[in-house]
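Chemist: Dropping a structure here in structure tokens format, bear with me for questions.
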Amino acid sequence: MILDTLGVGFLGTSTEVFHKASEYSKIYNSNASSSVWGQSDLRLPPPYAAFMNGVAIHSMDFDDTWHPATHPSGAVLPVLTALSEAPPSSQKFSGLDLLLAFNVGIEIQGRLMHFSKEASDIPKRFHPPSVVGTLGSAAAASKFLGLSMPECQEALAIAVSHAGAPMANAATQTKPLHMGNAAKHGMEAAFLAMLGLQGNKQVLDMHTGFGAFYANYSPKVLPNLESHTWLLGQQDVAFKRFPAHLATHWVADAAASVRKHLVTDRAPLSTDHIEKIVLRIPDVQYVNRPFPDSEHEARHSFQYVACATLLDGHVTVPSFHKSQISRPQVGELLSKVKLEHPGDNLPSFNTLYCEVSVTLSDGATFTECSDTFYGHWRKPLSQEDLREKFRANASSMLSCDRVERLIEIVENLEDLGDCSVLTTLLKGPPPPEMASKSI
């Protein structure tokens with residue numbers, strides 16, 4: 001086996017596809033690199049910078065969520081910031097270039113998911129960012145780099161062969177890699193298409209192509225440019241207030257309302273008096289984790305988010321630290337949780353609801369229901385609350401001045417003449433030793 005594999009490998013170096021792949025590997029010399037956000041001392045070849053930033057975006061499951069179900073931005077934005085810093089030619093990109101390419105990357109994801117009924121539900125088989133995110137990344141990169149129509153078709157065809165990761169790795173440290181890989185592989189697909197690598201141009205229309213990822217896949221002809229309307233104009237995204245699976249936000253909302261019946265203001269909750277906690281939720285198995293043992297499992301646990309909210313009155317970033325998950329009071333409450341799955345509570349981010357009932361030892365029962373939480377597209381975060389979320393998240397890595405400057409630039413991106421202004425701010429401050437040398 002070893003000898004045979006070596007032999008066919010040597011022979012393969014004479015093929016056209018090997019030559020094209022070899023040329024792709026030489027696109028970036030050792031001087032071409034892009035930033036990892038907030039890490040001024042770490043620069044990587046653009047595909048790997050996009051990979052790292054994609055991993056960072058999804059590492060806490062704190063990124064935006066769309067319907068049909070996916071996290072649309074995390075596979076696209078890292079590609080565009082990486083290419084802005086190190087384009088394969090001497091291109092210069094404006095903020096408007098970035099905005100248009102970003103919207104194309106989001107649009108492709110939404111259009112593909114609308115071709116399948118399965119995609120409307122919370123996923124069971126494939127993690128959507130690894131599927132549609134990879135194609136969104138390829139589409140955004142293709143638009144940004146100015147690929148021709150045939151080259152764009154090839155990029156999407158190549159991206160399909162890079163797509164797909166199973167839901168079995170949800171609630172593990174591997175799940176964020178899905179986002180990083182989607183960004184990286186989409187960029188690679190665009191580069192390979194630029195070099196003439198060919199795929200099946202009908203792959204998006206075939207059940208053995210993109211249809212392999214979604215049941216009931218039925219592609220349709222897209223509207224022409226004159227009548228085209230952007231999906232983001234019809235369907236907004238959800239922005240999370242705490243870093244956990246989107247379905248748990250309904251649980252937190254209902255549990256917070258129940259807590260108001262049990263305690264006043266921020267008084268501690270007495271767990272001894274609680275007899276039973278019932279969560280009436282859709283049947284989503286990978287968010288059913290009765291006793292989570294890690295931050296990633298806790299982020300994917302209806303039960304944990306309900307108990308943390310009942311105990312503390314809110315869920316925040318520190319709620320998923322090991323010390324919080326392992327509290328005795330949490331374990332006591334988790335042992336009292338039961339799940340029910342009403343027949344009308346379907347696993348869709350557009351229609352699901354959560355009902356939380358807490359029964360006390362004296363027999364009293366308090367029940368509250370949430371059908372829309374603050375941050376959902378039906379009840380979107382205000383612009384100021386979005387800014388506050390950004391400030392809270394970015395201030396751990398960037399100075400206050402840099403944070404405020406980024407807010408100003410992003411909110412006026414269409415007026416930005418050169419994206420290097422944005423990417424320079426994303427790098428973060430220089431390391432202390434470099435800063436001291438420059439004084």
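So you can find residues: chains in the structure tokens are A, B, ... in the order shown, residues in each start at 1, and ligands are numbered from 1 in order.
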DSSP on the backbone: what in stretch 301-409 of chain A comes out strand (DSSP E or B), as a list in words?
Modeler: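 Matching residues, listed in order: Val337, Lys338, Leu339, Glu340, Cys354, Glu355, Val356, Ser357, Val358, Thr359, Leu360, Thr365, Phe366, Thr367, Glu368, Cys369, Ser370, Tyr374 and His376 of chain A.
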Chemist: Just the selected residues (all heavy atoms), exported as a compact mmCIF listing (two decimals), in the first residue's frame, please.
Modeler:
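Below is the file result-v7.txt, written as the result:
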# COMPACT_ATOMS: atom_id res chain seq x y z
N VAL A 337 -35.22 19.28 36.59
CA VAL A 337 -35.75 19.73 35.29
C VAL A 337 -36.31 18.56 34.49
O VAL A 337 -35.68 17.50 34.37
CB VAL A 337 -34.65 20.43 34.47
CG1 VAL A 337 -35.17 20.81 33.09
CG2 VAL A 337 -34.14 21.67 35.20
N LYS A 338 -37.48 18.77 33.94
CA LYS A 338 -38.10 17.82 33.02
C LYS A 338 -38.42 18.56 31.72
O LYS A 338 -38.77 19.74 31.74
CB LYS A 338 -39.40 17.24 33.59
CG LYS A 338 -39.25 16.59 34.95
CD LYS A 338 -38.34 15.37 34.90
CE LYS A 338 -38.23 14.73 36.29
NZ LYS A 338 -37.23 13.61 36.28
N LEU A 339 -38.29 17.86 30.59
CA LEU A 339 -38.60 18.45 29.29
C LEU A 339 -39.91 17.87 28.75
O LEU A 339 -40.18 16.68 28.89
CB LEU A 339 -37.49 18.17 28.28
CG LEU A 339 -36.07 18.67 28.60
CD1 LEU A 339 -35.17 18.45 27.40
CD2 LEU A 339 -36.07 20.12 29.03
N GLU A 340 -40.69 18.73 28.13
CA GLU A 340 -41.86 18.30 27.39
C GLU A 340 -41.80 18.92 26.00
O GLU A 340 -41.31 20.04 25.84
CB GLU A 340 -43.15 18.73 28.11
CG GLU A 340 -43.36 18.05 29.45
CD GLU A 340 -44.64 18.49 30.14
OE1 GLU A 340 -45.38 19.32 29.54
OE2 GLU A 340 -44.90 18.02 31.26
N CYS A 354 -41.13 28.85 24.08
CA CYS A 354 -40.71 28.14 25.29
C CYS A 354 -41.63 28.51 26.44
O CYS A 354 -41.91 29.69 26.67
CB CYS A 354 -39.27 28.47 25.65
SG CYS A 354 -38.80 27.80 27.27
N GLU A 355 -42.07 27.50 27.15
CA GLU A 355 -42.87 27.70 28.36
C GLU A 355 -42.11 27.09 29.53
O GLU A 355 -41.66 25.94 29.46
CB GLU A 355 -44.23 27.03 28.20
CG GLU A 355 -45.26 27.42 29.25
CD GLU A 355 -46.63 26.88 28.91
OE1 GLU A 355 -47.38 27.58 28.20
OE2 GLU A 355 -46.93 25.75 29.34
N VAL A 356 -41.94 27.85 30.59
CA VAL A 356 -41.24 27.39 31.79
C VAL A 356 -42.23 27.38 32.94
O VAL A 356 -42.89 28.40 33.23
CB VAL A 356 -40.05 28.30 32.14
CG1 VAL A 356 -39.41 27.88 33.46
CG2 VAL A 356 -39.01 28.28 31.01
N SER A 357 -42.34 26.22 33.60
CA SER A 357 -43.19 26.08 34.78
C SER A 357 -42.34 25.66 35.96
O SER A 357 -41.56 24.69 35.86
CB SER A 357 -44.30 25.04 34.56
OG SER A 357 -45.24 25.49 33.62
N VAL A 358 -42.47 26.36 37.07
CA VAL A 358 -41.76 26.01 38.30
C VAL A 358 -42.79 25.71 39.37
O VAL A 358 -43.66 26.55 39.68
CB VAL A 358 -40.83 27.15 38.76
CG1 VAL A 358 -40.21 26.83 40.12
CG2 VAL A 358 -39.74 27.40 37.73
N THR A 359 -42.73 24.50 39.92
CA THR A 359 -43.62 24.08 41.00
C THR A 359 -42.85 24.08 42.32
O THR A 359 -41.76 23.50 42.41
CB THR A 359 -44.20 22.68 40.73
OG1 THR A 359 -44.93 22.71 39.50
CG2 THR A 359 -45.13 22.24 41.86
N LEU A 360 -43.41 24.74 43.33
CA LEU A 360 -42.78 24.82 44.64
C LEU A 360 -43.23 23.68 45.55
O LEU A 360 -44.21 22.97 45.25
CB LEU A 360 -43.11 26.17 45.28
CG LEU A 360 -42.76 27.41 44.46
CD1 LEU A 360 -43.09 28.68 45.24
CD2 LEU A 360 -41.30 27.41 44.04
N THR A 365 -47.59 26.70 41.51
CA THR A 365 -46.90 26.59 40.22
C THR A 365 -46.97 27.93 39.50
O THR A 365 -48.04 28.56 39.42
CB THR A 365 -47.54 25.51 39.33
OG1 THR A 365 -47.40 24.24 39.97
CG2 THR A 365 -46.85 25.44 37.97
N PHE A 366 -45.82 28.35 38.96
CA PHE A 366 -45.73 29.60 38.21
C PHE A 366 -45.26 29.27 36.79
O PHE A 366 -44.25 28.57 36.62
CB PHE A 366 -44.78 30.58 38.88
CG PHE A 366 -45.19 30.95 40.28
CD1 PHE A 366 -44.66 30.28 41.37
CD2 PHE A 366 -46.12 31.94 40.50
CE1 PHE A 366 -45.04 30.60 42.67
CE2 PHE A 366 -46.51 32.28 41.79
CZ PHE A 366 -45.97 31.61 42.88
N THR A 367 -45.98 29.79 35.82
CA THR A 367 -45.69 29.48 34.41
C THR A 367 -45.61 30.76 33.60
O THR A 367 -46.44 31.65 33.74
CB THR A 367 -46.79 28.57 33.83
OG1 THR A 367 -46.85 27.36 34.58
CG2 THR A 367 -46.48 28.23 32.37
N GLU A 368 -44.59 30.83 32.75
CA GLU A 368 -44.44 31.94 31.82
C GLU A 368 -44.02 31.39 30.47
O GLU A 368 -43.35 30.36 30.38
CB GLU A 368 -43.41 32.95 32.32
CG GLU A 368 -43.82 33.71 33.57
CD GLU A 368 -44.89 34.76 33.33
OE1 GLU A 368 -45.20 35.04 32.14
OE2 GLU A 368 -45.42 35.29 34.32
N CYS A 369 -44.44 32.10 29.42
CA CYS A 369 -44.14 31.66 28.06
C CYS A 369 -43.46 32.78 27.28
O CYS A 369 -43.78 33.95 27.45
CB CYS A 369 -45.43 31.25 27.35
SG CYS A 369 -45.20 30.64 25.67
N SER A 370 -42.50 32.41 26.44
CA SER A 370 -41.86 33.36 25.53
C SER A 370 -42.00 32.86 24.10
O SER A 370 -41.62 31.73 23.80
CB SER A 370 -40.37 33.52 25.87
OG SER A 370 -39.73 34.30 24.87
N TYR A 374 -36.03 39.41 23.12
CA TYR A 374 -35.40 40.64 22.67
C TYR A 374 -34.06 40.30 22.00
O TYR A 374 -33.17 39.72 22.62
CB TYR A 374 -35.17 41.59 23.84
CG TYR A 374 -34.54 42.92 23.46
CD1 TYR A 374 -35.05 43.69 22.41
CD2 TYR A 374 -33.44 43.41 24.14
CE1 TYR A 374 -34.50 44.90 22.06
CE2 TYR A 374 -32.86 44.64 23.81
CZ TYR A 374 -33.39 45.37 22.76
OH TYR A 374 -32.83 46.58 22.42
N HIS A 376 -34.38 38.79 18.80
CA HIS A 376 -34.94 38.07 17.66
C HIS A 376 -35.32 39.08 16.58
O HIS A 376 -35.53 40.27 16.87
CB HIS A 376 -36.18 37.29 18.12
CG HIS A 376 -36.72 36.32 17.11
ND1 HIS A 376 -37.63 36.68 16.15
CD2 HIS A 376 -36.49 35.00 16.93
CE1 HIS A 376 -37.94 35.63 15.41
NE2 HIS A 376 -37.26 34.59 15.87
Chemist: May I have the residues within 9 Å of A:Glu414 as a compact mmCIF listing (two decimals) with N, CA, C and O atoms, in the first residue's frame, using only C-alpha atoms and disregarding those fewer than 6 positions away in the same chain?
Modeler:
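The new file around_32.txt reads:
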# COMPACT_ATOMS: atom_id res chain seq x y z
N SER A 94 -12.60 49.56 -1.44
CA SER A 94 -13.31 50.57 -0.67
C SER A 94 -14.29 49.89 0.28
O SER A 94 -14.57 48.68 0.17
N GLY A 95 -14.84 50.67 1.18
CA GLY A 95 -15.87 50.15 2.06
C GLY A 95 -17.09 49.68 1.30
O GLY A 95 -17.74 48.70 1.67
N LEU A 96 -17.42 50.37 0.22
CA LEU A 96 -18.56 49.98 -0.60
C LEU A 96 -18.30 48.64 -1.29
O LEU A 96 -19.21 47.81 -1.41
N ASP A 97 -17.06 48.41 -1.72
CA ASP A 97 -16.69 47.10 -2.29
C ASP A 97 -16.94 46.00 -1.27
O ASP A 97 -17.49 44.94 -1.59
N LEU A 98 -16.50 46.25 -0.03
CA LEU A 98 -16.66 45.26 1.02
C LEU A 98 -18.13 45.01 1.33
O LEU A 98 -18.57 43.85 1.46
N LEU A 99 -18.91 46.09 1.41
CA LEU A 99 -20.35 45.95 1.70
C LEU A 99 -21.06 45.13 0.63
O LEU A 99 -21.88 44.26 0.95
Chemist: Can you list, as number ranges by chain, all residues belonging to stretch 61-293 of chain A that DSSP tags as alpha helix (DSSP H)?
Modeler: A: 77-85, 95-113, 128-145, 149-160, 175-194, 247-262
Chemist: Do you know which residues are at most 12 Å from A:Ser270 counting only C-alpha atoms, after dropping those on the same chain fewer than 3 positions away, and could you put them as a PDB file with all heavy atoms, in the first residue's frame?
Modeler:
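Saved as result_24.pdb:
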ATOM      1  N   ARG A 259     -38.912  33.841  37.371  1.00  0.00           N
ATOM      2  CA  ARG A 259     -38.120  34.221  38.545  1.00  0.00           C
ATOM      3  C   ARG A 259     -38.737  35.412  39.283  1.00  0.00           C
ATOM      4  O   ARG A 259     -38.641  35.502  40.520  1.00  0.00           O
ATOM      5  CB  ARG A 259     -36.684  34.544  38.124  1.00  0.00           C
ATOM      6  CG  ARG A 259     -35.714  34.710  39.285  1.00  0.00           C
ATOM      7  CD  ARG A 259     -34.306  35.014  38.784  1.00  0.00           C
ATOM      8  NE  ARG A 259     -33.329  34.896  39.843  1.00  0.00           N
ATOM      9  CZ  ARG A 259     -33.014  35.877  40.705  1.00  0.00           C
ATOM     10  NH1 ARG A 259     -33.641  37.055  40.602  1.00  0.00           N
ATOM     11  NH2 ARG A 259     -32.115  35.677  41.646  1.00  0.00           N
ATOM     12  N   LEU A 262     -40.814  34.422  42.030  1.00  0.00           N
ATOM     13  CA  LEU A 262     -40.177  33.667  43.109  1.00  0.00           C
ATOM     14  C   LEU A 262     -39.341  34.514  44.055  1.00  0.00           C
ATOM     15  O   LEU A 262     -39.218  34.191  45.238  1.00  0.00           O
ATOM     16  CB  LEU A 262     -39.278  32.556  42.511  1.00  0.00           C
ATOM     17  CG  LEU A 262     -39.955  31.629  41.490  1.00  0.00           C
ATOM     18  CD1 LEU A 262     -38.932  30.641  40.928  1.00  0.00           C
ATOM     19  CD2 LEU A 262     -41.116  30.879  42.139  1.00  0.00           C
ATOM     20  N   VAL A 263     -38.745  35.593  43.544  1.00  0.00           N
ATOM     21  CA  VAL A 263     -37.877  36.447  44.354  1.00  0.00           C
ATOM     22  C   VAL A 263     -38.135  37.901  43.973  1.00  0.00           C
ATOM     23  O   VAL A 263     -38.724  38.197  42.940  1.00  0.00           O
ATOM     24  CB  VAL A 263     -36.379  36.121  44.154  1.00  0.00           C
ATOM     25  CG1 VAL A 263     -36.059  34.708  44.601  1.00  0.00           C
ATOM     26  CG2 VAL A 263     -35.979  36.308  42.699  1.00  0.00           C
ATOM     27  N   THR A 264     -37.670  38.794  44.803  1.00  0.00           N
ATOM     28  CA  THR A 264     -37.780  40.220  44.508  1.00  0.00           C
ATOM     29  C   THR A 264     -36.420  40.760  44.112  1.00  0.00           C
ATOM     30  O   THR A 264     -35.406  40.478  44.762  1.00  0.00           O
ATOM     31  CB  THR A 264     -38.281  40.980  45.736  1.00  0.00           C
ATOM     32  OG1 THR A 264     -37.409  40.741  46.848  1.00  0.00           O
ATOM     33  CG2 THR A 264     -39.694  40.527  46.103  1.00  0.00           C
ATOM     34  N   ALA A 267     -32.578  39.385  44.806  1.00  0.00           N
ATOM     35  CA  ALA A 267     -32.456  38.498  45.960  1.00  0.00           C
ATOM     36  C   ALA A 267     -32.115  37.085  45.501  1.00  0.00           C
ATOM     37  O   ALA A 267     -32.527  36.655  44.419  1.00  0.00           O
ATOM     38  CB  ALA A 267     -33.769  38.492  46.736  1.00  0.00           C
ATOM     39  N   HIS A 273     -36.898  25.183  48.008  1.00  0.00           N
ATOM     40  CA  HIS A 273     -38.353  25.232  47.909  1.00  0.00           C
ATOM     41  C   HIS A 273     -38.870  24.838  46.524  1.00  0.00           C
ATOM     42  O   HIS A 273     -40.080  24.760  46.319  1.00  0.00           O
ATOM     43  CB  HIS A 273     -38.855  26.637  48.247  1.00  0.00           C
ATOM     44  CG  HIS A 273     -38.493  27.090  49.626  1.00  0.00           C
ATOM     45  ND1 HIS A 273     -38.704  26.314  50.741  1.00  0.00           N
ATOM     46  CD2 HIS A 273     -37.916  28.237  50.082  1.00  0.00           C
ATOM     47  CE1 HIS A 273     -38.301  26.949  51.817  1.00  0.00           C
ATOM     48  NE2 HIS A 273     -37.801  28.133  51.444  1.00  0.00           N
ATOM     49  N   ILE A 274     -37.967  24.582  45.593  1.00  0.00           N
ATOM     50  CA  ILE A 274     -38.397  24.219  44.232  1.00  0.00           C
ATOM     51  C   ILE A 274     -38.533  22.705  44.124  1.00  0.00           C
ATOM     52  O   ILE A 274     -37.582  21.954  44.389  1.00  0.00           O
ATOM     53  CB  ILE A 274     -37.409  24.759  43.182  1.00  0.00           C
ATOM     54  CG1 ILE A 274     -37.459  26.293  43.175  1.00  0.00           C
ATOM     55  CG2 ILE A 274     -37.734  24.210  41.792  1.00  0.00           C
ATOM     56  CD1 ILE A 274     -36.522  26.940  42.186  1.00  0.00           C
ATOM     57  N   GLU A 275     -39.703  22.279  43.729  1.00  0.00           N
ATOM     58  CA  GLU A 275     -40.000  20.855  43.612  1.00  0.00           C
ATOM     59  C   GLU A 275     -39.726  20.333  42.201  1.00  0.00           C
ATOM     60  O   GLU A 275     -39.180  19.251  42.013  1.00  0.00           O
ATOM     61  CB  GLU A 275     -41.468  20.621  43.964  1.00  0.00           C
ATOM     62  CG  GLU A 275     -41.865  19.153  44.064  1.00  0.00           C
ATOM     63  CD  GLU A 275     -41.378  18.503  45.351  1.00  0.00           C
ATOM     64  OE1 GLU A 275     -41.104  19.222  46.323  1.00  0.00           O
ATOM     65  OE2 GLU A 275     -41.247  17.265  45.359  1.00  0.00           O
ATOM     66  N   LEU A 310     -32.785  31.196  36.385  1.00  0.00           N
ATOM     67  CA  LEU A 310     -33.561  31.167  37.627  1.00  0.00           C
ATOM     68  C   LEU A 310     -32.695  31.543  38.821  1.00  0.00           C
ATOM     69  O   LEU A 310     -33.133  32.271  39.719  1.00  0.00           O
ATOM     70  CB  LEU A 310     -34.172  29.775  37.833  1.00  0.00           C
ATOM     71  CG  LEU A 310     -35.323  29.403  36.894  1.00  0.00           C
ATOM     72  CD1 LEU A 310     -35.682  27.936  37.038  1.00  0.00           C
ATOM     73  CD2 LEU A 310     -36.558  30.280  37.171  1.00  0.00           C
ATOM     74  N   LEU A 311     -31.462  31.077  38.838  1.00  0.00           N
ATOM     75  CA  LEU A 311     -30.574  31.374  39.961  1.00  0.00           C
ATOM     76  C   LEU A 311     -30.117  32.828  39.974  1.00  0.00           C
ATOM     77  O   LEU A 311     -30.125  33.490  41.019  1.00  0.00           O
ATOM     78  CB  LEU A 311     -29.336  30.463  39.901  1.00  0.00           C
ATOM     79  CG  LEU A 311     -29.452  29.086  40.550  1.00  0.00           C
ATOM     80  CD1 LEU A 311     -28.195  28.280  40.271  1.00  0.00           C
ATOM     81  CD2 LEU A 311     -29.682  29.206  42.057  1.00  0.00           C
ATOM     82  N   ASP A 312     -29.687  33.331  38.811  1.00  0.00           N
ATOM     83  CA  ASP A 312     -29.004  34.622  38.758  1.00  0.00           C
ATOM     84  C   ASP A 312     -29.842  35.764  38.204  1.00  0.00           C
ATOM     85  O   ASP A 312     -29.459  36.928  38.327  1.00  0.00           O
ATOM     86  CB  ASP A 312     -27.731  34.481  37.909  1.00  0.00           C
ATOM     87  CG  ASP A 312     -26.823  33.372  38.417  1.00  0.00           C
ATOM     88  OD1 ASP A 312     -26.742  33.201  39.641  1.00  0.00           O
ATOM     89  OD2 ASP A 312     -26.206  32.678  37.570  1.00  0.00           O
ATOM     90  N   GLN A 329     -25.711  24.603  43.571  1.00  0.00           N
ATOM     91  CA  GLN A 329     -27.108  25.000  43.353  1.00  0.00           C
ATOM     92  C   GLN A 329     -27.552  24.691  41.928  1.00  0.00           C
ATOM     93  O   GLN A 329     -28.713  24.347  41.692  1.00  0.00           O
ATOM     94  CB  GLN A 329     -27.290  26.497  43.617  1.00  0.00           C
ATOM     95  CG  GLN A 329     -26.813  26.956  44.987  1.00  0.00           C
ATOM     96  CD  GLN A 329     -25.424  27.564  44.885  1.00  0.00           C
ATOM     97  OE1 GLN A 329     -24.493  26.926  44.369  1.00  0.00           O
ATOM     98  NE2 GLN A 329     -25.276  28.793  45.377  1.00  0.00           N
ATOM     99  N   VAL A 330     -26.621  24.833  40.970  1.00  0.00           N
ATOM    100  CA  VAL A 330     -26.951  24.504  39.583  1.00  0.00           C
ATOM    101  C   VAL A 330     -27.256  23.019  39.459  1.00  0.00           C
ATOM    102  O   VAL A 330     -28.258  22.616  38.850  1.00  0.00           O
ATOM    103  CB  VAL A 330     -25.801  24.909  38.637  1.00  0.00           C
ATOM    104  CG1 VAL A 330     -26.045  24.360  37.226  1.00  0.00           C
ATOM    105  CG2 VAL A 330     -25.646  26.423  38.587  1.00  0.00           C
ATOM    106  N   GLU A 332     -28.288  21.008  41.743  1.00  0.00           N
ATOM    107  CA  GLU A 332     -29.544  20.707  42.420  1.00  0.00           C
ATOM    108  C   GLU A 332     -30.732  21.038  41.528  1.00  0.00           C
ATOM    109  O   GLU A 332     -31.682  20.245  41.405  1.00  0.00           O
ATOM    110  CB  GLU A 332     -29.629  21.493  43.733  1.00  0.00           C
ATOM    111  CG  GLU A 332     -30.878  21.187  44.545  1.00  0.00           C
ATOM    112  CD  GLU A 332     -30.965  22.022  45.814  1.00  0.00           C
ATOM    113  OE1 GLU A 332     -29.990  22.730  46.144  1.00  0.00           O
ATOM    114  OE2 GLU A 332     -32.034  21.977  46.461  1.00  0.00           O
ATOM    115  N   LEU A 333     -30.700  22.217  40.891  1.00  0.00           N
ATOM    116  CA  LEU A 333     -31.799  22.598  40.006  1.00  0.00           C
ATOM    117  C   LEU A 333     -31.867  21.712  38.763  1.00  0.00           C
ATOM    118  O   LEU A 333     -32.956  21.323  38.321  1.00  0.00           O
ATOM    119  CB  LEU A 333     -31.664  24.063  39.593  1.00  0.00           C
ATOM    120  CG  LEU A 333     -32.034  25.125  40.633  1.00  0.00           C
ATOM    121  CD1 LEU A 333     -31.917  26.519  40.035  1.00  0.00           C
ATOM    122  CD2 LEU A 333     -33.438  24.908  41.174  1.00  0.00           C
ATOM    123  N   LEU A 360     -43.415  24.735  43.331  1.00  0.00           N
ATOM    124  CA  LEU A 360     -42.780  24.824  44.642  1.00  0.00           C
ATOM    125  C   LEU A 360     -43.230  23.679  45.548  1.00  0.00           C
ATOM    126  O   LEU A 360     -44.211  22.972  45.252  1.00  0.00           O
ATOM    127  CB  LEU A 360     -43.106  26.172  45.283  1.00  0.00           C
ATOM    128  CG  LEU A 360     -42.757  27.414  44.462  1.00  0.00           C
ATOM    129  CD1 LEU A 360     -43.088  28.681  45.243  1.00  0.00           C
ATOM    130  CD2 LEU A 360     -41.297  27.412  44.037  1.00  0.00           C
ATOM    131  N   SER A 361     -42.552  23.513  46.665  1.00  0.00           N
ATOM    132  CA  SER A 361     -42.860  22.418  47.588  1.00  0.00           C
ATOM    133  C   SER A 361     -44.242  22.569  48.206  1.00  0.00           C
ATOM    134  O   SER A 361     -44.826  21.580  48.669  1.00  0.00           O
ATOM    135  CB  SER A 361     -41.793  22.342  48.685  1.00  0.00           C
ATOM    136  OG  SER A 361     -41.618  23.610  49.301  1.00  0.00           O
TER     137      SER A 361
END
Chemist: Have a look at A:Leu197, A:Ala82, A:Val305, A:Ile106 and name the one nearest to A:Glu16; count only C-alpha atoms.
Modeler: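 Of A:Leu197, A:Ala82, A:Val305, A:Ile106, the one nearest A:Glu16 is A:Leu197, counting only C-alpha atoms.
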Chemist: A:His58: which residues within 10 Å, counting only C-alpha atoms, same-chain residues fewer than 2 positions away excluded, as a list in words?
Modeler: Asn53, Gly54, Val55, Ala56, Met60, Asp61, Phe62, Asp63, Asp64, His71, Gly74, Ala75, Pro129, Lys175, Pro176, Leu177, His178, Met179, Gly180 and Pro243 of chain A
Chemist: Would you pick out the contacts of A:His249 at 8 Å or less, using only C-alpha atoms, so that residues sharing its chain but fewer than 4 positions from it are not included, and give the list as a CSV table (one decimal) with N, CA, C and O atoms, in the first residue's frame?
Modeler:
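File produced: result_37.csv:
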chain,number,residue,atom,x,y,z
A,240,LYS,N,-27.6,38.0,19.4
A,240,LYS,CA,-27.7,37.3,20.8
A,240,LYS,C,-27.2,38.3,21.9
A,240,LYS,O,-26.3,39.0,21.7
A,244,ALA,N,-24.8,31.7,23.6
A,244,ALA,CA,-25.3,30.3,23.6
A,244,ALA,C,-26.2,30.1,22.4
A,244,ALA,O,-26.6,31.0,21.7
A,245,HIS,N,-26.6,28.8,22.2
A,245,HIS,CA,-27.4,28.4,21.1
A,245,HIS,C,-28.7,29.3,21.1
A,245,HIS,O,-29.3,29.6,22.1
A,253,ASP,N,-35.6,33.9,28.4
A,253,ASP,CA,-36.6,34.9,28.5
A,253,ASP,C,-37.8,34.4,29.4
A,253,ASP,O,-38.3,35.2,30.3
A,373,PHE,N,-38.0,36.6,21.9
A,373,PHE,CA,-37.1,37.3,22.9
A,373,PHE,C,-36.5,38.5,22.3
A,373,PHE,O,-36.5,38.7,21.0
Chemist: Sort by chain and increasing residue number a table of all residues of stretch 59-93 of chain A within 8 Å of stretch 32-47 of chain A, each with its closest pair of atoms and their distance in Å to one decimal, counting only C-alpha atoms, and write it as a Markdown table.
Modeler:
| residue | atom | partner | partner_atom | distance |
| --- | --- | --- | --- | --- |
| A:Val79 | CA | A:Pro47 | CA | 7.4 |
| A:Ala82 | CA | A:Pro46 | CA | 5.2 |
| A:Leu83 | CA | A:Pro46 | CA | 6.5 |
| A:Glu85 | CA | A:Ser34 | CA | 5.6 |
| A:Ala86 | CA | A:Ala32 | CA | 6.0 |
Chemist: Keeping only C-alpha atoms, write the selected residues as an mmCIF file, in the first residue's frame.
Modeler:
data_model
loop_
_atom_site.group_PDB
_atom_site.id
_atom_site.type_symbol
_atom_site.label_atom_id
_atom_site.label_comp_id
_atom_site.auth_asym_id
_atom_site.auth_seq_id
_atom_site.Cartn_x
_atom_site.Cartn_y
_atom_site.Cartn_z
ATOM 1 C CA VAL A 79 -12.589 36.525 4.036
ATOM 2 C CA ALA A 82 -8.152 39.189 4.955
ATOM 3 C CA LEU A 83 -8.329 39.944 1.226
ATOM 4 C CA GLU A 85 -4.976 43.437 3.508
ATOM 5 C CA ALA A 86 -3.351 41.066 1.047
#
Chemist: So how far away is atom CA of A:Leu156 from atom CA of A:Asp121, in Å?
Modeler: 24.1 Å
